[in-house]
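Q: Sending over target.tsv (TSV, C-alpha atoms).
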```tsv
chain	number	residue	atom	x	y	z
L	1	MET	CA	-41.50	-71.06	-29.59
L	2	PRO	CA	-41.13	-74.59	-28.24
L	3	PHE	CA	-42.37	-75.48	-24.79
L	4	ASN	CA	-39.59	-76.61	-22.48
L	5	GLN	CA	-40.98	-78.49	-19.52
L	6	LYS	CA	-39.16	-77.92	-16.25
L	7	PRO	CA	-40.04	-80.66	-13.78
L	8	GLN	CA	-40.65	-79.55	-10.22
L	9	LYS	CA	-38.34	-81.63	-8.08
L	10	PHE	CA	-38.71	-82.12	-4.33
L	11	ASN	CA	-36.12	-83.65	-2.03
L	12	ALA	CA	-38.87	-84.83	0.34
L	13	LYS	CA	-41.55	-87.48	-0.15
L	14	ILE	CA	-44.74	-88.71	1.49
L	15	ASN	CA	-44.29	-91.69	3.83
L	16	THR	CA	-45.23	-95.09	2.47
L	17	VAL	CA	-47.71	-96.94	4.68
L	18	THR	CA	-48.65	-100.54	3.92
L	19	ILE	CA	-52.03	-101.85	5.05
L	20	GLY	CA	-52.68	-105.56	5.44
L	21	SER	CA	-50.45	-108.60	5.80
L	22	GLY	CA	-49.29	-111.63	3.86
L	23	ASP	CA	-49.81	-111.63	0.11
L	24	LYS	CA	-52.71	-109.16	0.20
L	25	THR	CA	-51.41	-105.69	1.05
L	26	VAL	CA	-51.79	-102.19	-0.34
L	27	SER	CA	-49.34	-99.31	0.00
L	28	ILE	CA	-50.36	-95.68	0.04
L	29	GLY	CA	-48.18	-92.58	-0.10
L	30	GLY	CA	-44.55	-92.79	-1.10
L	31	ASN	CA	-44.70	-90.12	-3.79
L	32	SER	CA	-42.57	-87.01	-4.21
L	33	THR	CA	-44.92	-85.03	-6.44
L	34	PHE	CA	-48.30	-83.37	-6.23
L	35	PRO	CA	-51.27	-85.64	-7.12
L	36	PHE	CA	-51.10	-87.08	-10.65
L	37	TYR	CA	-47.97	-85.02	-11.51
L	38	SER	CA	-46.30	-88.05	-13.07
L	39	PHE	CA	-44.63	-85.69	-15.56
L	40	ASP	CA	-42.51	-84.34	-12.68
L	41	ALA	CA	-41.44	-87.70	-11.23
L	42	PRO	CA	-42.52	-91.35	-11.46
L	43	THR	CA	-45.47	-92.38	-9.30
L	44	GLU	CA	-44.37	-94.83	-6.61
L	45	ASN	CA	-47.85	-95.77	-5.41
L	46	THR	CA	-51.05	-94.82	-7.18
L	47	ALA	CA	-54.01	-93.69	-5.07
L	48	LYS	CA	-56.10	-96.49	-3.59
L	49	VAL	CA	-59.85	-97.03	-3.21
L	50	GLY	CA	-61.61	-98.64	-0.25
L	51	ILE	CA	-65.21	-99.87	-0.15
L	52	GLU	CA	-67.18	-99.20	3.01
L	53	ILE	CA	-69.54	-101.58	4.78
L	54	SER	CA	-71.27	-101.05	8.11
L	55	ASP	CA	-71.84	-103.18	11.20
L	56	MET	CA	-75.52	-102.25	10.67
L	57	GLY	CA	-75.56	-104.43	7.58
L	58	LEU	CA	-77.70	-103.01	4.78
L	59	GLU	CA	-79.98	-101.06	7.09
L	60	GLY	CA	-80.47	-97.54	5.79
L	61	MET	CA	-78.49	-98.15	2.61
L	62	PRO	CA	-79.79	-96.85	-0.76
L	63	GLU	CA	-81.81	-99.38	-2.74
L	64	SER	CA	-79.15	-99.63	-5.45
L	65	ILE	CA	-76.55	-100.70	-2.89
L	66	LYS	CA	-78.95	-103.21	-1.34
L	67	ALA	CA	-79.55	-104.62	-4.81
L	68	PHE	CA	-75.83	-105.17	-5.33
L	69	TYR	CA	-75.48	-107.19	-2.12
L	70	GLY	CA	-78.65	-109.11	-2.96
L	71	GLU	CA	-79.27	-112.04	-0.65
L	72	ALA	CA	-76.24	-111.44	1.56
L	73	ALA	CA	-77.60	-112.35	4.97
L	74	SER	CA	-74.63	-111.97	7.30
L	75	MET	CA	-71.78	-109.55	7.80
L	76	ALA	CA	-69.45	-112.22	6.46
L	77	ASP	CA	-71.50	-112.43	3.25
L	78	ILE	CA	-71.52	-108.64	2.86
L	79	ALA	CA	-67.77	-108.42	3.46
L	80	LYS	CA	-67.03	-111.16	0.93
L	81	LYS	CA	-69.22	-109.44	-1.67
L	82	ALA	CA	-67.58	-106.06	-1.00
L	83	ALA	CA	-64.12	-107.55	-1.47
L	84	THR	CA	-65.07	-108.64	-5.00
L	85	VAL	CA	-66.02	-105.15	-6.21
L	86	GLU	CA	-64.04	-104.14	-9.27
L	87	GLY	CA	-61.43	-101.54	-8.34
L	88	ALA	CA	-61.65	-102.03	-4.56
L	89	ASP	CA	-58.21	-102.22	-2.95
L	90	PHE	CA	-59.37	-102.74	0.63
L	91	VAL	CA	-62.51	-103.10	2.76
L	92	VAL	CA	-63.53	-100.55	5.36
L	93	LEU	CA	-65.74	-101.62	8.28
L	94	SER	CA	-67.59	-98.72	9.90
L	95	LEU	CA	-68.76	-99.44	13.45
L	96	GLU	CA	-71.47	-96.80	13.40
L	97	GLY	CA	-73.80	-99.00	15.42
L	98	GLY	CA	-71.71	-98.32	18.50
L	99	ASP	CA	-72.76	-94.68	18.74
L	100	PRO	CA	-74.31	-94.12	22.20
L	101	ASN	CA	-76.67	-91.61	20.60
L	102	GLY	CA	-77.83	-94.18	18.09
L	103	THR	CA	-78.11	-97.98	18.27
L	104	ASN	CA	-75.51	-98.09	21.07
L	105	LYS	CA	-74.26	-101.61	20.43
L	106	SER	CA	-71.97	-102.97	23.12
L	107	VAL	CA	-68.24	-103.33	22.62
L	108	GLU	CA	-68.69	-107.11	22.72
L	109	GLU	CA	-71.28	-107.01	19.93
L	110	LEU	CA	-69.04	-104.86	17.78
L	111	LEU	CA	-65.99	-107.05	18.38
L	112	ALA	CA	-68.00	-110.05	17.19
L	113	VAL	CA	-68.76	-108.21	13.94
L	114	VAL	CA	-65.11	-107.18	13.52
L	115	LYS	CA	-63.93	-110.77	13.91
L	116	GLU	CA	-66.61	-112.08	11.54
L	117	VAL	CA	-65.61	-109.62	8.83
L	118	ALA	CA	-61.87	-110.14	9.35
L	119	ASP	CA	-62.26	-113.91	9.11
L	120	ALA	CA	-64.36	-113.64	5.93
L	121	ILE	CA	-61.86	-111.70	3.81
L	122	ASP	CA	-58.17	-111.88	3.03
L	123	CYS	CA	-57.78	-108.36	1.61
L	124	PRO	CA	-56.53	-105.40	3.69
L	125	LEU	CA	-58.96	-104.14	6.33
L	126	VAL	CA	-59.60	-100.66	7.71
L	127	VAL	CA	-61.80	-100.24	10.79
L	128	GLU	CA	-63.54	-96.96	11.52
L	129	GLY	CA	-65.05	-96.16	14.92
L	130	CYS	CA	-68.52	-94.88	15.77
L	131	LYS	CA	-67.42	-91.21	15.86
L	132	ASN	CA	-68.13	-90.92	19.59
L	133	VAL	CA	-64.85	-89.99	21.28
L	134	GLU	CA	-65.44	-91.83	24.55
L	135	LYS	CA	-66.86	-94.98	22.97
L	136	ASP	CA	-64.07	-95.16	20.39
L	137	ALA	CA	-61.48	-94.83	23.16
L	138	GLU	CA	-62.97	-97.97	24.72
L	139	LEU	CA	-63.74	-99.83	21.51
L	140	LEU	CA	-60.76	-99.37	19.17
L	141	PRO	CA	-58.04	-100.60	21.56
L	142	LYS	CA	-59.97	-103.86	21.85
L	143	VAL	CA	-60.33	-104.03	18.07
L	144	ALA	CA	-56.56	-103.56	17.81
L	145	GLU	CA	-56.04	-106.47	20.20
L	146	ALA	CA	-58.54	-108.72	18.44
L	147	LEU	CA	-56.89	-108.17	15.04
L	148	GLN	CA	-53.25	-108.65	16.04
L	149	GLY	CA	-51.14	-109.70	13.07
L	150	ARG	CA	-53.53	-108.27	10.45
L	151	ASN	CA	-51.78	-104.87	10.23
L	152	VAL	CA	-55.11	-103.04	10.04
L	153	LEU	CA	-55.62	-99.30	9.92
L	154	LEU	CA	-57.71	-98.07	12.84
L	155	MET	CA	-59.40	-94.78	12.00
L	156	SER	CA	-60.96	-92.25	14.37
L	157	GLU	CA	-58.01	-91.32	16.58
L	158	LYS	CA	-58.67	-87.73	17.67
L	159	GLU	CA	-56.89	-85.31	19.97
L	160	GLU	CA	-59.43	-86.12	22.69
L	161	ASN	CA	-58.67	-89.87	22.69
L	162	TYR	CA	-55.24	-90.18	21.05
L	163	LYS	CA	-53.60	-91.65	24.16
L	164	ALA	CA	-55.98	-94.61	24.34
L	165	ILE	CA	-56.13	-95.36	20.62
L	166	GLY	CA	-52.57	-94.41	19.72
L	167	ALA	CA	-51.05	-96.42	22.54
L	168	ALA	CA	-53.11	-99.51	21.75
L	169	ALA	CA	-53.01	-99.46	17.96
L	170	GLY	CA	-49.58	-97.98	17.32
L	171	LEU	CA	-47.68	-99.43	20.26
L	172	ALA	CA	-49.23	-102.36	22.11
L	173	TYR	CA	-50.70	-104.25	19.14
L	174	ASP	CA	-48.56	-102.98	16.22
L	175	GLN	CA	-51.42	-101.70	14.06
L	176	LEU	CA	-51.71	-98.53	11.96
L	177	VAL	CA	-53.18	-95.32	13.35
L	178	GLY	CA	-55.64	-93.08	11.48
L	179	ALA	CA	-55.28	-89.58	12.90
L	180	GLU	CA	-58.48	-87.58	12.37
L	181	SER	CA	-58.66	-83.78	12.43
L	182	ALA	CA	-61.14	-81.17	11.24
L	183	VAL	CA	-60.02	-79.56	7.96
L	184	ASP	CA	-57.18	-77.50	9.42
L	185	ILE	CA	-53.46	-77.92	8.70
L	186	ASN	CA	-52.45	-76.88	12.21
L	187	LEU	CA	-54.83	-79.35	13.85
L	188	ALA	CA	-53.60	-82.13	11.57
L	189	LYS	CA	-49.96	-81.40	12.39
L	190	GLN	CA	-50.63	-81.07	16.12
L	191	LEU	CA	-52.27	-84.50	16.27
L	192	ASN	CA	-49.34	-86.06	14.40
L	193	VAL	CA	-46.90	-84.39	16.78
L	194	ILE	CA	-48.57	-85.59	19.99
L	195	THR	CA	-49.13	-89.07	18.54
L	196	THR	CA	-45.44	-89.46	17.73
L	197	GLN	CA	-44.52	-88.00	21.14
L	198	LEU	CA	-46.57	-90.86	22.57
L	199	GLY	CA	-44.08	-93.18	20.89
L	200	VAL	CA	-45.98	-94.14	17.73
L	201	ASN	CA	-43.74	-94.44	14.68
L	202	ALA	CA	-44.53	-91.69	12.15
L	203	GLN	CA	-44.37	-94.37	9.44
L	204	LYS	CA	-47.45	-96.03	10.99
L	205	ILE	CA	-49.70	-92.96	10.88
L	206	VAL	CA	-52.23	-92.09	8.18
L	207	MET	CA	-54.05	-88.75	8.27
L	208	ASN	CA	-57.77	-88.16	7.84
L	209	VAL	CA	-57.80	-84.38	7.59
L	210	GLY	CA	-61.56	-84.19	7.04
L	211	SER	CA	-63.72	-83.68	3.99
L	212	ALA	CA	-67.08	-82.42	2.78
L	213	ALA	CA	-69.36	-83.18	-0.11
L	214	VAL	CA	-68.65	-81.01	-3.14
L	215	GLY	CA	-70.63	-77.81	-2.88
L	216	TYR	CA	-70.62	-77.89	0.93
L	217	GLY	CA	-67.71	-75.62	1.85
L	218	TYR	CA	-65.43	-77.87	-0.14
L	219	GLU	CA	-62.93	-75.07	-0.83
L	220	TYR	CA	-61.68	-75.49	2.76
L	221	VAL	CA	-60.87	-79.12	2.05
L	222	VAL	CA	-58.94	-78.25	-1.12
L	223	SER	CA	-56.92	-75.49	0.54
L	224	THR	CA	-56.11	-77.67	3.57
L	225	MET	CA	-54.92	-80.65	1.54
L	226	ASP	CA	-52.98	-78.41	-0.82
L	227	ARG	CA	-51.20	-76.66	2.06
L	228	ILE	CA	-50.38	-80.00	3.71
L	229	LYS	CA	-48.82	-81.42	0.53
L	230	ALA	CA	-46.93	-78.20	-0.14
L	231	ALA	CA	-45.49	-78.18	3.40
L	232	ALA	CA	-44.68	-81.89	3.32
L	233	LEU	CA	-42.85	-81.74	-0.01
L	234	GLY	CA	-41.70	-78.16	-0.39
L	235	GLN	CA	-40.73	-77.54	3.24
L	236	SER	CA	-39.80	-81.14	4.14
L	237	ASP	CA	-42.13	-80.98	7.16
L	238	ASN	CA	-41.92	-84.54	8.49
L	239	MET	CA	-44.98	-84.03	10.68
L	240	LEU	CA	-47.11	-83.58	7.57
L	241	GLN	CA	-45.58	-86.32	5.42
L	242	MET	CA	-48.11	-88.95	6.45
L	243	PRO	CA	-50.38	-90.11	3.60
L	244	ILE	CA	-53.99	-88.92	3.61
L	245	ILE	CA	-57.08	-91.15	3.55
L	246	THR	CA	-60.51	-89.57	3.05
L	247	PRO	CA	-63.89	-91.11	4.01
L	248	VAL	CA	-65.98	-89.83	1.11
L	249	ALA	CA	-69.06	-92.04	1.53
L	250	SER	CA	-70.06	-90.73	4.94
L	251	GLU	CA	-69.99	-87.16	3.62
L	252	THR	CA	-71.83	-87.63	0.34
L	253	TRP	CA	-74.69	-90.06	0.84
L	254	GLY	CA	-76.35	-87.94	3.52
L	255	VAL	CA	-76.63	-84.64	1.64
L	256	LYS	CA	-79.98	-83.70	0.10
L	257	GLU	CA	-78.74	-84.00	-3.49
L	258	ALA	CA	-77.99	-87.68	-2.86
L	259	SER	CA	-80.94	-88.54	-0.64
L	260	ALA	CA	-83.98	-86.47	-1.69
L	261	SER	CA	-86.58	-88.70	-3.32
L	262	GLU	CA	-87.61	-88.34	-6.93
L	263	ALA	CA	-91.16	-87.64	-5.72
L	264	ASP	CA	-89.93	-84.63	-3.74
L	265	MET	CA	-87.43	-83.38	-6.33
L	266	PRO	CA	-88.46	-84.74	-9.75
L	267	GLU	CA	-86.41	-82.09	-11.56
L	268	TRP	CA	-83.23	-83.53	-10.05
L	269	GLY	CA	-83.58	-86.84	-11.87
L	270	SER	CA	-82.71	-90.35	-10.67
L	271	VAL	CA	-81.88	-90.52	-6.97
L	272	GLU	CA	-79.53	-93.44	-7.61
L	273	GLU	CA	-77.55	-91.55	-10.24
L	274	ARG	CA	-77.40	-88.44	-8.05
L	275	GLY	CA	-75.90	-90.36	-5.15
L	276	ILE	CA	-73.29	-92.04	-7.32
L	277	ASP	CA	-72.45	-88.76	-9.05
L	278	MET	CA	-72.00	-86.94	-5.74
L	279	GLU	CA	-69.71	-89.68	-4.45
L	280	ILE	CA	-67.63	-89.77	-7.65
L	281	MET	CA	-67.26	-85.99	-7.92
L	282	THR	CA	-66.20	-85.65	-4.29
L	283	ALA	CA	-63.73	-88.53	-4.50
L	284	ALA	CA	-62.17	-87.18	-7.70
L	285	ALA	CA	-61.78	-83.75	-6.11
L	286	ASP	CA	-60.24	-85.25	-2.97
L	287	LEU	CA	-57.70	-87.19	-5.00
L	288	ALA	CA	-56.79	-84.15	-7.09
L	289	ALA	CA	-56.41	-82.08	-3.91
L	290	GLY	CA	-54.04	-84.49	-2.21
L	291	SER	CA	-55.74	-87.58	-0.80
L	292	ASP	CA	-53.77	-90.82	-1.19
L	293	ALA	CA	-56.82	-93.04	-0.66
L	294	VAL	CA	-60.58	-92.58	-0.66
L	295	ILE	CA	-63.36	-94.58	0.98
L	296	LEU	CA	-66.50	-95.09	-1.13
L	297	ARG	CA	-69.74	-97.01	-0.72
L	298	HIS	CA	-71.33	-97.68	-4.11
L	299	PRO	CA	-69.70	-100.34	-6.34
L	300	GLU	CA	-70.18	-98.13	-9.41
L	301	SER	CA	-68.35	-95.27	-7.69
L	302	VAL	CA	-65.48	-97.59	-6.77
L	303	LYS	CA	-65.22	-98.86	-10.34
L	304	THR	CA	-65.29	-95.36	-11.85
L	305	ILE	CA	-62.74	-93.79	-9.50
L	306	SER	CA	-60.39	-96.78	-9.86
L	307	ALA	CA	-60.56	-96.37	-13.64
L	308	MET	CA	-59.85	-92.65	-13.31
L	309	ILE	CA	-56.77	-93.31	-11.18
L	310	LYS	CA	-55.42	-95.80	-13.72
L	311	ALA	CA	-56.04	-93.42	-16.60
L	312	LEU	CA	-54.15	-90.59	-14.89
L	313	ALA	CA	-51.32	-92.64	-13.40
```
Re-express the file's structure as structure tokens.
A:
Amino acid sequence: MPFNQKPQKFNAKINTVTIGSGDKTVSIGGNSTFPFYSFDAPTENTAKVGIEISDMGLEGMPESIKAFYGEAASMADIAKKAATVEGADFVVLSLEGGDPNGTNKSVEELLAVVKEVADAIDCPLVVEGCKNVEKDAELLPKVAEALQGRNVLLMSEKEENYKAIGAAAGLAYDQLVGAESAVDINLAKQLNVITTQLGVNAQKIVMNVGSAAVGYGYEYVVSTMDRIKAAALGQSDNMLQMPIITPVASETWGVKEASASEADMPEWGSVEERGIDMEIMTAAADLAAGSDAVILRHPESVKTISAMIKALA
């Protein structure tokens, strides 16, 4: 008996959001199918891959990543090198050094790094805060001002600081807003609702609905992304039609499988390969679950995931 394929058609689609300006831009979202379901409808925009660098330079990075950047001495050098990685569509600058419970760099210090990186590259830029709600509320509006005209995506807007970040990024300085919630469809939708009520255009919002390394409660991530895509497409819920971006690197490189030394866990094999494998597996799972873009750290991970996306497009 022959197989008769019946495409699943949706009248709704995910919003298209373009990051960057000039000739170097990337667009995420825009599709009307579940991830990689190109047999149901043509893919408008394939998933994108970002490479993460930190304002802390190469401090604390795995040796294999340090080796890739080699003699890069400044943030400008690191940013330029990151932008050349095969498969990287955009650069992500994490301002982790601003955390008051860590290095606690001043806003002025961090702005200097932001400007240095922005001036060094011509590809799209995403800026992620320090994950401290109060500090990000002070920092990210000033980043939005400093990067006017670059059409950057500012991550780390949360319900606790959405007024400060949303008003500055999405309204005052015409940037893109990354709305971050904690692996819950209702929390994700609520943040989108209050951000748009603030006056931010829904077409300028990208969701970060949270993630986890594979094996670490990852089923919650899959179910959340799946429910969001189903509601966005199947129920035409316009408060869940924002594309999803997922910071994979920050979740994977800190788990014991990626960081335990070979001396401590010789049966686990090469620590470098373990870290790359954990990053690749998590990114692949995120993309299959519904993420429209992933943020990675290791050049080999970026190359592999980019190749996977092209093969499945």
Q: Ranking L:Ser21, L:Ala230, L:Ala168, L:Ser223 by minimum distance to L:Val200 and counting all atoms listed in the file, which one comes first?
A: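 Nearest to L:Val200: L:Ala168.
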Q: Can you pull out the residues contacting L:Val221? Cut-off 12 Å, using only C-alpha atoms, and skip same-chain residues under 5 positions away; I want them as JSON, numbers by chain.
A: {"L": [181, 182, 183, 184, 185, 208, 209, 210, 211, 212, 213, 214, 215, 216, 226, 227, 228, 246, 248, 282, 283, 285, 286, 287, 288, 289, 290, 291]}
Q: For atom CA of L:Glu180 and atom CA of L:Val91, determine how far apart the two atoms are, in Å to one decimal place.
A: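 Interatomic distance, atom CA of L:Glu180 to atom CA of L:Val91: 18.7 Å.
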Q: Counting all atoms listed in the file, which residues sit no farther than 7 Å from the position (-57.8, -97.0, 20.4) in the file's frame? I'd like them as a list in words.
A: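 So the residues meeting the distance criterion are Asp136, Ala137, Glu138, Leu139, Leu140, Pro141, Glu157, Ala164, Ile165, Gly166, Ala168 and Ala169 of chain L.
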Q: With distances taken over all atoms listed in the file, which of L:Asn31, L:Thr46, L:Gln197, L:Gln235 is nearest to L:Ala293?
A: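 Closest residue, counting all atoms listed in the file: L:Thr46.
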Q: Which residues, written as a VMD selection string, have at least one atom at most 12 Å from L:Leu110, with only C-alpha atoms counted and residues fewer than 4 positions away on the same chain left out?
A: chain L and resid 54 to 56 75 93 to 99 103 to 106 114 to 117 127 to 130 135 to 136 138 to 140 142 to 143 146
Q: Could you jot down the atom CA of L:Ala47 to atom CA of L:Gly234 separation for me, Å, one decimal place?
A: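 Calculated distance between atom CA of L:Ala47 and atom CA of L:Gly234 is 20.4 Å.
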Q: Could you check the closest approach to L:Ala307 for each of L:Leu191, L:Ile28, L:Ala88, L:Ala144 and tell me which residue wins, using only C-alpha atoms?
A: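 Nearest candidate to L:Ala307 out of L:Leu191, L:Ile28, L:Ala88, L:Ala144: L:Ala88.
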Q: Each side padded by 5 Å, which centre and which edge lengths in Å (one decimal) define the axis-aligned box around the listed atoms of stretch 72-85 of chain L? Give them as JSON.
A:
```
{"center_x": -70.9, "center_y": -108.8, "center_z": 0.8, "size_x": 23.5, "size_y": 17.3, "size_z": 24.0}
```
Q: Which is closest to L:Gln241 among L:Asp174, L:Glu272, L:Glu262, L:Asp292, if we use only C-alpha atoms?
A: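 The shortest atom-to-atom distance to L:Gln241 comes from L:Asp292.
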Q: Hey, which of L:Ala67, L:Met225, L:Met61, L:Val85 ends up closest to L:Lys303? Count only C-alpha atoms.
A: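 The answer is L:Val85, which sits nearest to L:Lys303.
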Q: Here is a test: counting all atoms listed in the file, which residue of L:Gly50, L:Pro124, L:Pro62, L:Gly29 is nearest to L:Val152?
A: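 Among L:Gly50, L:Pro124, L:Pro62, L:Gly29, it is L:Pro124 that comes nearest to L:Val152.
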Q: One number please: atom CA of L:Ser32 to atom CA of L:Glu159, in Å, one decimal.
A: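 Interatomic distance, atom CA of L:Ser32 to atom CA of L:Glu159: 28.2 Å.
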